[in-house]
Protein chains: 2
Amino acid sequence: MTIVAEPKHDQNNTGVQQRTTDYQPRRSFRTWLIGRPLATADAGHQTIGKVVGLAVFASDALSSTAYATQEILAILAVGGVLAFTFAFPIAIAIVALLAVVTISYEQTIHAYPGGGGAYIVSRDNLGELPAQVAGAALLTDYILTVSVSISSGVAQLASAFPALDAWRVAIAVGLVGFVMLVNLRGVKESGLTFAVPTYLFLVMIFITVGAGFFRLLTGQLGTVVNPPSMQHLGEVSAIGLFLILHAFSSGTTALTGIEAISNGITAFNKPASKNAGITLIWMSLILGTLFLGITFLAVHIGAVPSEEETVISQLVRTALGGRNVFYLMTLGATTLILIMAANTAFADFPRLSALQAKDGFLPRQLTYRGSRLVFSRGIVVLAVFASLLIIVFQASVTALIPLYAIGVFLSFTLSQSGMARRWWKIGHLKPGQEVKESGSVLVADAGWKWKMVLNGFGAVCTVIVMFIFAITKFHDGAWIILVVVPVLVFIFFRIHQHYKELARSLSLDHYGAPPAIRRHRVIVPISGVHRGTLAALDYARSLSADVTAVHISIDDVESERLRAKWERWGDGVRLVILDSPYRMLLEPLLAYVEHIAAVRQPNEIITLVVPQFVPKHAWTNLLHTQTAVLLRLALLFRRGIVVTDVPYQTE
Amino acid sequence: MTIVAEPKHDQNNTGVQQRTTDYQPRRSFRTWLIGRPLATADAGHQTIGKVVGLAVFASDALSSTAYATQEILAILAVGGVLAFTFAFPIAIAIVALLAVVTISYEQTIHAYPGGGGAYIVSRDNLGELPAQVAGAALLTDYILTVSVSISSGVAQLASAFPALDAWRVAIAVGLVGFVMLVNLRGVKESGLTFAVPTYLFLVMIFITVGAGFFRLLTGQLGTVVNPPSMQHLGEVSAIGLFLILHAFSSGTTALTGIEAISNGITAFNKPASKNAGITLIWMSLILGTLFLGITFLAVHIGAVPSEEETVISQLVRTALGGRNVFYLMTLGATTLILIMAANTAFADFPRLSALQAKDGFLPRQLTYRGSRLVFSRGIVVLAVFASLLIIVFQASVTALIPLYAIGVFLSFTLSQSGMARRWWKIGHLKPGQEVKESGSVLVADAGWKWKMVLNGFGAVCTVIVMFIFAITKFHDGAWIILVVVPVLVFIFFRIHQHYKELARSLSLDHYGAPPAIRRHRVIVPISGVHRGTLAALDYARSLSADVTAVHISIDDVESERLRAKWERWGDGVRLVILDSPYRMLLEPLLAYVEHIAAVRQPNEIITLVVPQFVPKHAWTNLLHTQTAVLLRLALLFRRGIVVTDVPYQTE
């Protein structure tokens, strides 16, 4: 290790030196696990085209086709098999909603070329509270994306290999850990890693749907052979509006992940907004087509919702003629894209939490980039919470779904309301005027009214869906999110308040410096006279001429021995022996310090110099009372008292 | 709070002052629980007579009659009901053993008038290793005394009130907690508290045995009505030597607690040794009589060993004619004396552990007398371990017994071997010579040979019993003790080695003081320029003229801002900005400190002054990186580097 002394500029002669450390981090288990540390200068930025962009950002949205149909059927099952005929009309309604949301987000992408997630749009246009609500909704949502996608991926695996059924939770938690490690290494959002699974999935699932329709038209499509036993959610009930809205709510999970592109516009080749917008539209078209096709075919072949075998598995083996190699490839690709979807959340959660932390609503530590230039702490936090959810809900997609889409629709609503408000602000600009906001630039736009109506309509649609979801799924678990989000928002504001107060009380504005320290009174608490004591005493005397050693006496005989030793070794330093009738150590010492503190001058400071021997083995600390630690805790809140421990290393 | 400045003696003019603090400890929840703190001067010492002495020290020994017979029967049950006829002969053998041990201990009491537990006798006569073995055996034994006695007490309760059966573990742990609290308050080893339950037990149990024999002689004693279902321990086997020795081993638990008086001789009225010796003999006579009587009657009435109903319960209701008020009183008294037995261990364990801690084989903290003048820490440790045992073994006396008596017999053996060795040393004294040892004084004694033979015979008997116990009960759980005792002894010696090494390396013998500190180099790590930084800077400048502020730069923009602020507020102090390409905070700073440390003079010391703001609410510490704590840990083992944090209290 060398410090290259290289005083870059000291032109003002203020004694400021700048040096570079070429400190090379040591190799360790951590290096092996996540790779060698990257220097800040290594951070690159490469952009991607539409084809790769679709692969990178679409996995979350497209993967929801793997479970959305099944969740609709799972609700309708309560109304009996007849109710399944409602599944396709419900899917059409959801695709209509998808169209509205897509158009809204297309506008957002052009308005926020630097990235326009719901948090930024809400913050710039609606204010702090809505922004934090969006943040809380999105963070919980990202956690759920991981839990739901991984659980669904494991369900596909277990459909193909029923022997894995008993190990669902363990496999799911293991996969979360794997995705966490990959992200701690820092994946570049590009390349084959993403393209291969996404396009493999698309090819396989289009083959499946295509084969299904071909067989349907040629009259060869039968029904599911050996269907699994049907899953029952609650009591059998009549088919009514509530049931249909309930099923509709479950299906809206198909829309989750649609906002991913709006967060990552800067990753696209120039013109970034245009490319991102086109990718978004392509993604929605593919998503809508697949979702409609899968739902239509699933109903037609009599697929039944089941925790044993997924609807996708039933559809694939019916359309492709049994559990053959194509079946295995399709289920494999489905599992992969679901893991990719979880991976998307691992990109978004740390980025959003760093953004909120930078704004002072989350612990600042979340803004710190780890050794691999990623927000490591956010990644770990996400993995921990997602794993907990998987364990608590036993990796059941159906159990997790009621917690899911509500946060998505809350953030959709806030994002689109924010956009509507933004158009309104643009409409009230003076001609030619430009207003720079933290996330975007407002420029006059003739079509602002229409665009405002469009975003406003989107907001109305999504808020309605949100309420439908909250009401129909309240008892299934949606209430948890209705509790968690406000609690999170409260915590965010408490954190913000702390940072604001701290900044104010540390601020140098209007700061009149207190009188400089002119005199030290040094107190050295001693339990005996030994080398450690003498080292502390030497240190104390180097601080000040006013040194007092204090001994708390519990045992007269021992005090007498100490006094004798002090006469020989104390070198004339004043020793105060305090009798402690109740055998307490800390309390009489604190009382003595308070007594001295009460009579000092404003420019005096009291320093406690505590001898502390450092044993060779850490466990031996248990054999000693940690006086220095206790003293520091006890005196932390007293002004003008500093506790120093002087370590004495024993051989 | 006042400090009474009262310099008692400073005749040598060495600057030593002695003051008394009249610090009155505050009232708290703790005060309510265990009473107000007692001053050291309050410690009194009162002595007791033989009648009270019997009550105080005999509860442990006498209470074992409540389970010893049952444990013999529980083993014999394996050989069928016929095997029960061996119970009485076994009891006779055990009483013979009791006689031998009693005579041995009677000699010990006279030899060690200051208290002669196995630990002290072994230490003075056999050396460190046997003493620590005795210590380990006794400490585990005291823990087991609590677990076994309380579990047996609860079993008596559950026999009388079968509804309590499901709550055994909870009741037992609750009772341990109660006895712990009573002991933390500090019970005086005297008075009615002890006398009432012990004598009530003796009266009731003698009535039971008397009534039993009366009915037997008058031909009215039947067999147990509705006996509980018999407890089976392992496979039915033939009656052989192993089975009989196995049953004998279980019965030897009747001897536990016999050594209690030898620990507490100083509590007796003068002549203490004589009174204690007479009490011991009385105790053994009562114990032997009761044990023989109970065993004889239990076999005669056909009592069966069972976890549902104790043998005592079966005997009492058969002898006293059903579950009447006498039955309830007797079982109540039995429960009480068992709790008293646990209480004895609460007196012995803390005393022994304090003794071992004073010798440096256990953490020194165990020698500290708590606010009520008792060794509070030892009391809490005992309660915790005893509760754990009760939970692990589900409060089953039969499951705990195999762990029990082996430690007792190990300590008997060591104690008596030590005594034999002591007689041998006395025999080799010159006429009229006196040798003072730490625990007793050796005085020539003409009868030393006979006394040596007596103690030696005792040692041989107990060592044989110990081996019988270890072999026959190895699989039942005795192996645990055979593992735990050596492990404990190893730990004791490791602790001792640490204290010895520490004392040597702190010793002032042959100590050449290193050069006094002449110069401070002060390093102030700063993350920003604010009031906290300036407070630390002011403190640093009061220590030395050589102050360097160090900033670790992760972000160029922020460093530039800091530099500008420093030019205004830094007051000319040198600032070093260290670029950290890997965004690490601690490592470059440590490298810089090492760099400075490498070039310093021997009489220079490096002090790191770390600004630390103290937030109002402790939870907000989570929102900040604790640099000072990490620095202190990282630099603990570096010589000549002191870390001081200067707290800055925010409003």
# chains A, B, ... in the order shown; residues from 1 in each chain; ligands from 1

$ interface_residues --of "chain A" --to "chain B" --cutoff "7 Å" --atoms "only C-alpha atoms" --output "PyMOL selection string"
chain A and resi 14-21+23+37-40+363-364+371+502+505-508+516-518+530-532+538-539+542-543+567+572-582+588+623+636-637+639+642-644+646-647+649-651

$ closest_atom_pairs --of "stretch 223-261 of chain A" --to "stretch 78-94 of chain A" --cutoff "6 Å" --atoms "only C-alpha atoms" --output "Markdown table"
| residue | atom | partner | partner_atom | distance |
| --- | --- | --- | --- | --- |
| A:Val236 | CA | A:Val78 | CA | 4.7 |
| A:Ser237 | CA | A:Gly79 | CA | 5.3 |
| A:Ala238 | CA | A:Gly79 | CA | 5.5 |
| A:Ile239 | CA | A:Gly79 | CA | 5.2 |
| A:Phe248 | CA | A:Ile90 | CA | 5.8 |

$ residues_around --residues "A:Gly35" --least-positions-apart "3" --cutoff "7 Å" --atoms "only C-alpha atoms" --output "ChimeraX atom specification"
/A:31-32,185

$ closest_residue --among "A:Ala444, A:Leu157, A:Ala131, A:Ile406" --to "A:Trp424" --atoms "only C-alpha atoms"
A:Ala444

$ select_by_dssp --residues "stretch 432-532 of chain B" --states "strand (DSSP E or B)" --output "list in words"
Glu434, Val435, Lys436, Val441, Leu442, Val443, Arg519, His520, Arg521, Val522, Ile523, Val524 and Pro525 of chain B
